[in-house]
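K.L.:
Okay, so here is data.csv, and as you'll see once you scroll down, it has CSV, C-alpha atoms and all ligand atoms.
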chain,number,residue,atom,x,y,z
A,1,MET,CA,3.3,4.5,-3.7
A,2,PRO,CA,0.2,2.4,-3.3
A,3,GLU,CA,-0.8,1.9,0.3
A,4,ALA,CA,-3.3,-0.4,1.9
A,5,PRO,CA,-6.5,1.3,0.6
A,6,GLU,CA,-5.4,1.1,-3.0
A,7,VAL,CA,-3.9,-2.4,-2.7
A,8,GLU,CA,-7.2,-3.5,-1.1
A,9,ALA,CA,-9.2,-2.1,-4.0
A,10,LEU,CA,-6.9,-3.9,-6.4
A,11,THR,CA,-7.2,-7.1,-4.4
A,12,ARG,CA,-11.0,-6.9,-4.5
A,13,PHE,CA,-11.0,-6.3,-8.2
A,14,LEU,CA,-8.6,-9.2,-8.9
A,15,ARG,CA,-10.5,-11.5,-6.6
A,16,GLU,CA,-13.7,-10.9,-8.5
A,17,ARG,CA,-12.0,-11.2,-11.9
A,18,LEU,CA,-9.6,-14.1,-11.3
A,19,THR,CA,-11.1,-16.5,-8.8
A,20,GLY,CA,-11.8,-19.8,-10.6
A,21,ARG,CA,-9.8,-18.7,-13.7
A,22,VAL,CA,-6.9,-20.7,-15.1
A,23,VAL,CA,-3.5,-19.0,-15.7
A,24,ARG,CA,-2.9,-19.4,-19.4
A,25,GLY,CA,0.5,-17.9,-19.6
A,26,VAL,CA,3.1,-15.6,-18.0
A,27,GLU,CA,5.7,-13.3,-19.3
A,28,LEU,CA,8.5,-11.9,-17.2
A,29,THR,CA,9.8,-8.8,-18.9
A,30,GLU,CA,12.0,-7.6,-16.0
A,31,PHE,CA,13.9,-10.6,-14.7
A,32,ARG,CA,15.3,-8.8,-11.7
A,33,ALA,CA,11.8,-8.5,-10.2
A,34,LEU,CA,11.6,-12.2,-9.6
A,35,LYS,CA,13.3,-13.0,-6.2
A,36,THR,CA,12.7,-16.7,-6.2
A,37,ARG,CA,15.4,-17.9,-8.6
A,38,ALA,CA,14.7,-21.6,-8.1
A,39,ARG,CA,10.9,-21.1,-8.6
A,40,PRO,CA,10.1,-19.5,-12.0
A,41,LEU,CA,7.0,-17.5,-12.7
A,42,ASP,CA,5.7,-20.2,-15.1
A,43,GLU,CA,5.0,-22.5,-12.2
A,44,ILE,CA,1.6,-20.9,-11.9
A,45,VAL,CA,0.7,-21.6,-15.6
A,46,GLY,CA,-2.1,-24.1,-16.0
A,47,ARG,CA,-3.2,-23.6,-12.4
A,48,THR,CA,-6.6,-22.2,-11.2
A,49,VAL,CA,-6.7,-19.1,-9.0
A,50,GLY,CA,-8.4,-20.1,-5.8
A,51,SER,CA,-8.1,-16.8,-3.9
A,52,VAL,CA,-6.5,-13.3,-4.0
A,53,ASP,CA,-5.6,-11.8,-0.7
A,54,ARG,CA,-3.8,-8.7,0.6
A,55,TYR,CA,-1.0,-8.7,3.1
A,56,GLY,CA,-0.1,-5.1,4.0
A,57,LYS,CA,0.9,-3.6,0.7
A,58,HIS,CA,1.5,-7.0,-0.9
A,59,ILE,CA,-1.0,-9.1,-2.9
A,60,ASP,CA,-1.0,-12.9,-2.8
A,61,LEU,CA,-2.5,-14.9,-5.7
A,62,ASP,CA,-3.1,-18.5,-4.7
A,63,ALA,CA,-3.0,-20.7,-7.8
A,64,ASP,CA,-3.8,-24.2,-6.7
A,65,GLY,CA,-1.5,-24.0,-3.7
A,66,THR,CA,1.3,-22.2,-5.6
A,67,HIS,CA,1.4,-18.6,-4.6
A,68,LEU,CA,2.5,-15.6,-6.6
A,69,SER,CA,3.3,-12.8,-4.2
A,70,ILE,CA,3.5,-9.2,-5.6
A,71,GLY,CA,5.2,-6.6,-3.5
A,72,PHE,CA,4.5,-3.2,-5.0
A,73,GLY,CA,7.3,-1.3,-3.3
A,74,ARG,CA,7.7,2.4,-4.0
A,75,ALA,CA,6.4,2.7,-7.6
A,76,GLY,CA,4.8,-0.6,-8.5
A,77,TRP,CA,1.2,-1.0,-9.7
A,78,ALA,CA,-1.0,-3.1,-12.0
A,79,THR,CA,-3.0,-2.9,-15.2
A,80,TRP,CA,-5.9,-4.9,-16.4
A,81,SER,CA,-7.0,-5.4,-20.0
A,82,ASP,CA,-10.1,-7.3,-21.0
A,83,ASP,CA,-8.5,-8.1,-24.3
A,84,ALA,CA,-6.5,-11.3,-23.7
A,85,THR,CA,-4.4,-10.6,-26.8
A,86,ALA,CA,-3.6,-7.0,-25.9
A,87,SER,CA,0.0,-6.0,-25.6
A,88,ASP,CA,-0.5,-2.3,-24.9
A,89,PRO,CA,2.3,-0.7,-23.0
A,90,PRO,CA,1.4,0.4,-19.5
A,91,ALA,CA,0.2,4.0,-19.0
A,92,ASN,CA,2.1,7.0,-17.7
A,93,GLY,CA,5.5,5.8,-18.8
A,94,ALA,CA,5.6,2.9,-16.3
A,95,ALA,CA,7.7,-0.1,-17.3
A,96,LEU,CA,6.1,-3.4,-17.8
A,97,ILE,CA,7.5,-5.9,-15.3
A,98,ALA,CA,5.4,-9.0,-16.0
A,99,ARG,CA,2.1,-10.2,-17.5
A,100,VAL,CA,-0.2,-12.9,-16.3
A,101,MET,CA,-2.6,-14.1,-19.0
A,102,PHE,CA,-6.1,-15.4,-18.6
A,103,ASP,CA,-8.8,-16.4,-21.1
A,104,ASP,CA,-10.6,-13.2,-20.7
A,105,GLY,CA,-7.9,-10.7,-19.8
A,106,VAL,CA,-4.4,-9.8,-18.9
A,107,LEU,CA,-3.0,-8.7,-15.6
A,108,GLY,CA,0.0,-6.4,-16.1
A,109,ILE,CA,2.5,-5.7,-13.3
A,110,THR,CA,4.3,-2.3,-13.7
A,111,ASP,CA,6.9,-0.1,-12.1
A,112,ALA,CA,7.0,3.6,-12.6
A,113,GLY,CA,10.1,4.3,-10.5
A,114,GLU,CA,13.6,5.3,-11.5
A,115,TRP,CA,14.8,2.1,-9.9
A,116,LEU,CA,13.0,-1.2,-9.7
A,117,SER,CA,10.9,-1.7,-6.5
A,118,VAL,CA,8.4,-4.4,-7.5
A,119,GLN,CA,9.2,-7.8,-6.1
A,120,LEU,CA,7.7,-11.1,-7.2
A,121,HIS,CA,8.0,-14.3,-5.3
A,122,VAL,CA,6.7,-17.8,-6.2
A,123,VAL,CA,6.2,-19.6,-2.9
A,124,ALA,CA,4.3,-22.4,-1.2
A,125,ALA,CA,2.7,-20.0,1.3
A,126,PRO,CA,2.4,-16.2,1.7
A,127,GLY,CA,4.5,-16.2,4.8
A,128,ASP,CA,7.5,-17.6,2.8
A,129,VAL,CA,8.1,-14.1,1.5
A,130,PRO,CA,10.4,-12.5,4.1
A,131,ALA,CA,8.8,-9.1,3.9
A,132,VAL,CA,5.3,-10.6,4.4
A,133,ALA,CA,6.5,-12.8,7.3
A,134,LYS,CA,7.7,-9.7,9.1
A,135,LEU,CA,4.5,-7.6,8.8
A,136,GLY,CA,2.9,-6.2,11.9
A,137,PRO,CA,-0.8,-6.2,12.4
A,138,ASP,CA,-2.8,-4.8,9.5
A,139,ALA,CA,-3.7,-1.2,10.2
A,140,ALA,CA,-6.4,-1.2,7.5
A,141,ASP,CA,-8.2,-4.1,9.1
A,142,PRO,CA,-11.3,-2.7,10.9
A,143,GLY,CA,-10.3,-4.9,13.8
A,144,PHE,CA,-7.0,-3.1,14.3
A,145,SER,CA,-7.5,-2.2,18.0
A,146,ARG,CA,-6.2,0.5,20.3
A,147,GLU,CA,-4.4,-2.2,22.1
A,148,ALA,CA,-2.6,-3.3,18.9
A,149,LEU,CA,-1.6,0.3,18.4
A,150,VAL,CA,-0.2,0.6,21.9
A,151,THR,CA,1.8,-2.5,21.2
A,152,ALA,CA,3.1,-1.1,17.9
A,153,LEU,CA,4.1,2.2,19.6
A,154,GLY,CA,5.7,0.4,22.5
A,155,ARG,CA,8.1,2.5,24.4
A,156,ARG,CA,9.8,3.5,21.2
A,157,ARG,CA,11.8,6.7,20.8
A,158,LYS,CA,11.1,6.6,17.1
A,159,GLN,CA,9.2,9.5,15.5
A,160,LEU,CA,5.5,9.0,14.9
A,161,LYS,CA,5.5,9.5,11.1
A,162,ALA,CA,8.4,7.0,10.7
A,163,LEU,CA,6.8,4.5,13.0
A,164,LEU,CA,3.5,4.6,11.2
A,165,GLN,CA,5.3,3.6,8.0
A,166,GLU,CA,7.3,0.8,9.6
A,167,GLN,CA,5.6,-2.3,8.1
A,168,GLU,CA,7.0,-4.5,10.9
A,169,SER,CA,5.2,-2.5,13.5
A,170,LEU,CA,1.9,-2.0,11.7
A,171,ALA,CA,1.2,-2.9,8.1
A,172,GLY,CA,-0.3,-1.0,5.2
A,173,ILE,CA,0.5,2.7,5.8
A,174,GLY,CA,3.1,4.6,3.8
A,175,ASN,CA,4.2,8.2,3.2
A,176,ALA,CA,0.8,9.7,2.3
A,177,TYR,CA,-1.6,8.1,4.8
A,178,SER,CA,0.9,8.7,7.6
A,179,ASP,CA,0.6,12.4,7.0
A,180,GLU,CA,-3.2,12.2,6.7
A,181,ILE,CA,-3.5,10.2,9.9
A,182,LEU,CA,-1.3,12.6,11.9
A,183,SER,CA,-3.3,15.6,10.5
A,184,VAL,CA,-6.6,14.1,11.7
A,185,ALA,CA,-5.1,13.2,15.0
A,186,ARG,CA,-3.5,16.6,15.4
A,187,LEU,CA,-0.2,15.1,16.4
A,188,SER,CA,3.3,16.2,15.6
A,189,PRO,CA,4.9,14.0,12.9
A,190,VAL,CA,8.2,14.1,14.8
A,191,ALA,CA,6.8,13.4,18.3
A,192,GLN,CA,8.4,10.3,19.9
A,193,ALA,CA,6.0,7.3,20.0
A,194,ALA,CA,6.7,6.7,23.7
A,195,SER,CA,5.8,10.3,24.6
A,196,LEU,CA,2.1,10.1,23.8
A,197,SER,CA,-0.5,10.5,26.5
A,198,ASP,CA,-3.4,8.1,26.8
A,199,ASP,CA,-5.6,10.7,25.2
A,200,GLU,CA,-3.2,11.2,22.3
A,201,VAL,CA,-3.0,7.4,21.7
A,202,THR,CA,-6.8,7.3,21.5
A,203,ARG,CA,-6.8,10.2,19.1
A,204,LEU,CA,-4.2,8.4,16.9
A,205,HIS,CA,-6.1,5.2,16.9
A,206,THR,CA,-9.3,7.0,16.0
A,207,ALA,CA,-7.5,8.8,13.2
A,208,VAL,CA,-6.0,5.5,11.9
A,209,ARG,CA,-9.5,4.0,11.7
A,210,GLU,CA,-11.2,7.1,10.3
A,211,VAL,CA,-8.5,7.7,7.5
A,212,LEU,CA,-8.0,4.1,6.5
A,213,ASP,CA,-11.7,3.0,6.7
A,214,GLY,CA,-12.7,6.1,4.8
A,215,ALA,CA,-10.0,5.5,2.1
A,216,VAL,CA,-10.8,1.8,1.7
A,217,ALA,CA,-14.5,2.6,1.2
A,218,ALA,CA,-13.7,5.5,-1.1
A,219,ARG,CA,-11.2,3.6,-3.3
A,220,ASP,CA,-13.5,0.5,-3.6
A,221,GLY,CA,-14.8,0.0,-7.2
A,222,ILE,CA,-12.6,2.8,-8.8
A,223,PRO,CA,-10.9,1.4,-11.9
A,224,ILE,CA,-7.3,0.5,-11.1
A,225,ALA,CA,-5.9,2.9,-13.7
A,226,GLU,CA,-7.6,5.7,-11.7
A,227,GLN,CA,-6.6,4.7,-8.2
A,228,LYS,CA,-3.5,6.9,-8.0
A,229,ALA,CA,-5.4,10.0,-9.1
A,230,ALA,CA,-8.2,9.3,-6.7
A,231,LYS,CA,-5.8,8.9,-3.8
A,232,VAL,CA,-3.9,12.2,-4.7
A,233,ALA,CA,-7.2,14.1,-4.9
A,234,SER,CA,-8.4,12.8,-1.5
A,235,MET,CA,-5.4,14.2,0.5
A,236,ARG,CA,-6.0,16.8,3.2
A,237,VAL,CA,-2.4,17.8,3.8
A,238,HIS,CA,-0.1,15.3,2.0
A,239,GLY,CA,1.4,16.9,-1.1
A,240,ARG,CA,-0.4,20.2,-0.4
A,241,THR,CA,2.5,22.4,0.6
A,242,GLY,CA,1.4,26.0,0.6
A,243,GLU,CA,-2.3,25.2,0.5
A,244,PRO,CA,-4.7,26.1,3.4
A,245,CYS,CA,-5.2,23.5,6.2
A,246,PRO,CA,-8.8,22.2,5.9
A,247,ASP,CA,-9.2,22.5,9.7
A,248,CYS,CA,-7.7,25.9,10.6
A,249,GLY,CA,-7.0,27.7,7.3
A,250,GLY,CA,-3.3,28.0,8.2
A,251,THR,CA,-0.7,27.1,5.6
A,252,ILE,CA,0.5,23.6,5.1
A,253,GLU,CA,4.2,23.1,5.2
A,254,ASP,CA,6.8,20.4,4.5
A,255,ILE,CA,7.8,18.5,7.6
A,256,PRO,CA,11.3,19.5,8.5
A,257,GLY,CA,13.9,16.8,7.5
A,258,THR,CA,11.6,15.1,5.0
A,259,LYS,CA,12.9,17.0,1.9
A,260,GLY,CA,9.4,17.7,0.8
A,261,GLY,CA,8.3,14.1,1.2
A,262,GLY,CA,5.8,14.8,4.0
A,263,GLN,CA,3.5,17.6,5.0
A,264,TYR,CA,1.7,18.9,8.1
A,265,CYS,CA,-0.1,21.9,9.5
A,266,PRO,CA,2.2,23.8,11.9
A,267,SER,CA,-0.8,25.3,13.7
A,268,CYS,CA,-2.8,22.1,14.3
A,269,GLN,CA,0.3,19.9,14.8
A,270,PRO,CA,2.9,22.0,16.6
A,271,LEU,CA,6.3,20.3,16.5
A,272,SER,CA,7.1,21.1,20.1
A,273,ALA,CA,4.0,19.4,21.5
B,1,ZN,ZN,-4.4,23.5,10.7
Show this structure as structure tokens.
Ligand SMILES: [Zn+2]
P.N.:
Amino acid sequence: MPEAPEVEALTRFLRERLTGRVVRGVELTEFRALKTRARPLDEIVGRTVGSVDRYGKHIDLDADGTHLSIGFGRAGWATWSDDATASDPPANGAALIARVMFDDGVLGITDAGEWLSVQLHVVAAPGDVPAVAKLGPDAADPGFSREALVTALGRRRKQLKALLQEQESLAGIGNAYSDEILSVARLSPVAQAASLSDDEVTRLHTAVREVLDGAVAARDGIPIAEQKAAKVASMRVHGRTGEPCPDCGGTIEDIPGTKGGGQYCPSCQPLSA
């Protein structure tokens, strides 16, 4: 699942490649991905890309005031080919969802999941996409403050790992970076948000900044085909069940109740804390 650092890297790449370029054609291979039935994908054909921006884990491509919003969901991603006539299938067995053609290259939108999670919208403004309109403040924005985190935590009884992934509370974090942030903060993934002390909130905020700022910087400039591997290789605890904790050398375990979907260090992040 791409999270804010990978989507930010893709956004920067596309902004550099596409700004000022005319959309020459589109192909929608997977019709179910387009959620705006009354506004077809070919509305952007012939229009010039003015900007490419990230909203949480979504990308917005502004083509002369008509916006193509791409929500990557669980298994969506993108490909880029410098050959405008290329029709290569996407790598790693992913299904091709759509293609957007330019004079000097082709943007492919892909989905590697067992079920379709990519969502495309053609809209007048980014906020017309329901999932974008509901997004909380962007956790990957360097300006995401401790106060904004306090607001997101609120007096919620929700468990920390789940809350960090709740896009309506704070945008951009998914399954992997929530594990990494809680590892750096040395907080239990199942602690209730409202139970944190002031010191723990400060640690959590510092960890959000450290993990996301570090990942955004590390992912910047890496080819989009290599983003997933770079993310996986960078993980401290996520996906590292049975491996030693980088802080204490203890063994990383699956978080109880996540069916192997999340990991933590029981020594650094005691569940009863
Ligand atoms: Zn540890």
K.L.:
Could you please extract the residues within 9 Å of ligand ZN 1 (chain B), counting only C-alpha atoms and all ligand atoms, and hand them back as a VMD selection string?
P.N.:
chain A and resid 183 186 244 to 252 264 to 269
K.L.:
From the set A:Leu170, A:Ala194, A:Ala124, A:Ile97, which residue has the shortest atom-to-atom contact distance to Ala140 (chain A), counting all atoms listed in the file?
P.N.:
A:Leu170
K.L.:
Using all atoms listed in the file, which protein or nucleic acid residues come within 9 Å of region 255-261 of chain A? Drop anything in the same chain fewer than 3 positions from it, and give the result as an mmCIF file with C-alpha atoms, in the coordinates of the input.
P.N.:
data_model
loop_
_atom_site.group_PDB
_atom_site.id
_atom_site.type_symbol
_atom_site.label_atom_id
_atom_site.label_comp_id
_atom_site.auth_asym_id
_atom_site.auth_seq_id
_atom_site.Cartn_x
_atom_site.Cartn_y
_atom_site.Cartn_z
ATOM 1 C CA ASN A 175 4.200 8.200 3.200
ATOM 2 C CA ALA A 176 0.800 9.700 2.300
ATOM 3 C CA PRO A 189 4.900 14.000 12.900
ATOM 4 C CA VAL A 190 8.200 14.100 14.800
ATOM 5 C CA HIS A 238 -0.100 15.300 2.000
ATOM 6 C CA GLY A 239 1.400 16.900 -1.100
ATOM 7 C CA THR A 241 2.500 22.400 0.600
ATOM 8 C CA TYR A 264 1.700 18.900 8.100
ATOM 9 C CA CYS A 265 -0.100 21.900 9.500
ATOM 10 C CA PRO A 266 2.200 23.800 11.900
#
K.L.:
Extract, using only C-alpha atoms, all DNA, RNA and protein residues at most 7 Å from region 36-46 of chain A, discarding same-chain residues fewer than 5 positions from it, and format them as a list of chain:residue names.
P.N.:
A:Val22, A:Val23, A:Arg24, A:Gly25, A:Val26, A:Ala63, A:Thr66, A:His121, A:Val122
K.L.:
Mind pulling up the distance from CA of Met1 (chain A) to CA of Arg74 (chain A)?
P.N.:
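These atoms are spaced 4.9 Å apart.
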K.L.:
Restricting the calculation to only C-alpha atoms: of A:Arg203, A:His67, A:Lys57, A:Arg146, which residue gets closest to Gln167 (chain A)?
P.N.:
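Of the candidates, the smallest distance to Gln167 (chain A) is held by A:Lys57.
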K.L.:
If you count all atoms listed in the file, which residues fall within 12 Å of Leu187 (chain A), apart from same-chain ones fewer than 2 positions away, as a ChimeraX atom specification?
P.N.:
/A:159-161,178-185,189-193,195-197,199-205,207,264-273
K.L.:
Restrict the selected residues to C-alpha atoms and save them as an mmCIF file, keeping the file's coordinate frame.
P.N.:
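Output saved as part13.cif:
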data_model
loop_
_atom_site.group_PDB
_atom_site.id
_atom_site.type_symbol
_atom_site.label_atom_id
_atom_site.label_comp_id
_atom_site.auth_asym_id
_atom_site.auth_seq_id
_atom_site.Cartn_x
_atom_site.Cartn_y
_atom_site.Cartn_z
ATOM 1 C CA GLN A 159 9.200 9.500 15.500
ATOM 2 C CA LEU A 160 5.500 9.000 14.900
ATOM 3 C CA LYS A 161 5.500 9.500 11.100
ATOM 4 C CA SER A 178 0.900 8.700 7.600
ATOM 5 C CA ASP A 179 0.600 12.400 7.000
ATOM 6 C CA GLU A 180 -3.200 12.200 6.700
ATOM 7 C CA ILE A 181 -3.500 10.200 9.900
ATOM 8 C CA LEU A 182 -1.300 12.600 11.900
ATOM 9 C CA SER A 183 -3.300 15.600 10.500
ATOM 10 C CA VAL A 184 -6.600 14.100 11.700
ATOM 11 C CA ALA A 185 -5.100 13.200 15.000
ATOM 12 C CA PRO A 189 4.900 14.000 12.900
ATOM 13 C CA VAL A 190 8.200 14.100 14.800
ATOM 14 C CA ALA A 191 6.800 13.400 18.300
ATOM 15 C CA GLN A 192 8.400 10.300 19.900
ATOM 16 C CA ALA A 193 6.000 7.300 20.000
ATOM 17 C CA SER A 195 5.800 10.300 24.600
ATOM 18 C CA LEU A 196 2.100 10.100 23.800
ATOM 19 C CA SER A 197 -0.500 10.500 26.500
ATOM 20 C CA ASP A 199 -5.600 10.700 25.200
ATOM 21 C CA GLU A 200 -3.200 11.200 22.300
ATOM 22 C CA VAL A 201 -3.000 7.400 21.700
ATOM 23 C CA THR A 202 -6.800 7.300 21.500
ATOM 24 C CA ARG A 203 -6.800 10.200 19.100
ATOM 25 C CA LEU A 204 -4.200 8.400 16.900
ATOM 26 C CA HIS A 205 -6.100 5.200 16.900
ATOM 27 C CA ALA A 207 -7.500 8.800 13.200
ATOM 28 C CA TYR A 264 1.700 18.900 8.100
ATOM 29 C CA CYS A 265 -0.100 21.900 9.500
ATOM 30 C CA PRO A 266 2.200 23.800 11.900
ATOM 31 C CA SER A 267 -0.800 25.300 13.700
ATOM 32 C CA CYS A 268 -2.800 22.100 14.300
ATOM 33 C CA GLN A 269 0.300 19.900 14.800
ATOM 34 C CA PRO A 270 2.900 22.000 16.600
ATOM 35 C CA LEU A 271 6.300 20.300 16.500
ATOM 36 C CA SER A 272 7.100 21.100 20.100
ATOM 37 C CA ALA A 273 4.000 19.400 21.500
#
K.L.:
Excluding Val7 (chain A) and residues on its chain fewer than 5 positions from it, collect all residues at most 10 Å away from it, counting all atoms listed in the file, and give them as a PyMOL selection string.
P.N.:
chain A and resi 2+12-13+53-59+72+77-78+172+216+219+224+227
K.L.:
For the residues in the current selection, export C-alpha atoms as a CSV table (one decimal), in the coordinates of the input.
P.N.:
chain,number,residue,atom,x,y,z
A,2,PRO,CA,0.2,2.4,-3.3
A,12,ARG,CA,-11.0,-6.9,-4.5
A,13,PHE,CA,-11.0,-6.3,-8.2
A,53,ASP,CA,-5.6,-11.8,-0.7
A,54,ARG,CA,-3.8,-8.7,0.6
A,55,TYR,CA,-1.0,-8.7,3.1
A,56,GLY,CA,-0.1,-5.1,4.0
A,57,LYS,CA,0.9,-3.6,0.7
A,58,HIS,CA,1.5,-7.0,-0.9
A,59,ILE,CA,-1.0,-9.1,-2.9
A,72,PHE,CA,4.5,-3.2,-5.0
A,77,TRP,CA,1.2,-1.0,-9.7
A,78,ALA,CA,-1.0,-3.1,-12.0
A,172,GLY,CA,-0.3,-1.0,5.2
A,216,VAL,CA,-10.8,1.8,1.7
A,219,ARG,CA,-11.2,3.6,-3.3
A,224,ILE,CA,-7.3,0.5,-11.1
A,227,GLN,CA,-6.6,4.7,-8.2
K.L.:
So which residues fall inside 12 Å of (0.2, -10.5, -21.7) if we count only C-alpha atoms? Mind giving them as a ChimeraX atom specification?
P.N.:
/A:23-29,79-90,96-109
K.L.:
What is the distance, in Å and to one decimal place, between CA of Gly76 (chain A) and CA of Val118 (chain A)?
P.N.:
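Between CA of Gly76 (chain A) and CA of Val118 (chain A) the gap is 5.3 Å.
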K.L.:
Measuring between only C-alpha atoms, which one of A:Trp115, A:Glu243, A:Val123, A:Pro142 shows the shortest distance to Gly214 (chain A)?
P.N.:
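Smallest separation from Gly214 (chain A) among the options: A:Pro142.
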K.L.:
Would you please work out which residue, of A:Ala233, A:Ala95, A:Ile70, A:Ala9, is nearest to Lys35 (chain A) when using only C-alpha atoms?
P.N.:
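Closest to Lys35 (chain A), using only C-alpha atoms: A:Ile70.
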K.L.:
So which residues are close to (1.1, -16.8, 1.6), meaning at most 6 Å away in the file's coordinates with all atoms listed in the file counted, and can you show them as a short mmCIF file (atom, residue, chain, number, x, y, z; two decimals) with C-alpha atoms, in the frame of the given file?
P.N.:
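Resulting contents of part-v1.cif:
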data_model
loop_
_atom_site.label_atom_id
_atom_site.label_comp_id
_atom_site.auth_asym_id
_atom_site.auth_seq_id
_atom_site.Cartn_x
_atom_site.Cartn_y
_atom_site.Cartn_z
CA ALA A 125 2.70 -20.00 1.30
CA PRO A 126 2.40 -16.20 1.70
CA GLY A 127 4.50 -16.20 4.80
#
K.L.:
In Å, with one decimal, what is the gap from CA of Glu147 (chain A) to CA of Lys134 (chain A)?
P.N.:
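Between CA of Glu147 (chain A) and CA of Lys134 (chain A) the gap is 19.3 Å.
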K.L.:
Which one of A:Gly113, A:Tyr177, A:Arg209, A:Ala217 sits closest to Met235 (chain A) if you count all atoms listed in the file?
P.N.:
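Of A:Gly113, A:Tyr177, A:Arg209, A:Ala217, the one nearest Met235 (chain A), counting all atoms listed in the file, is A:Tyr177.
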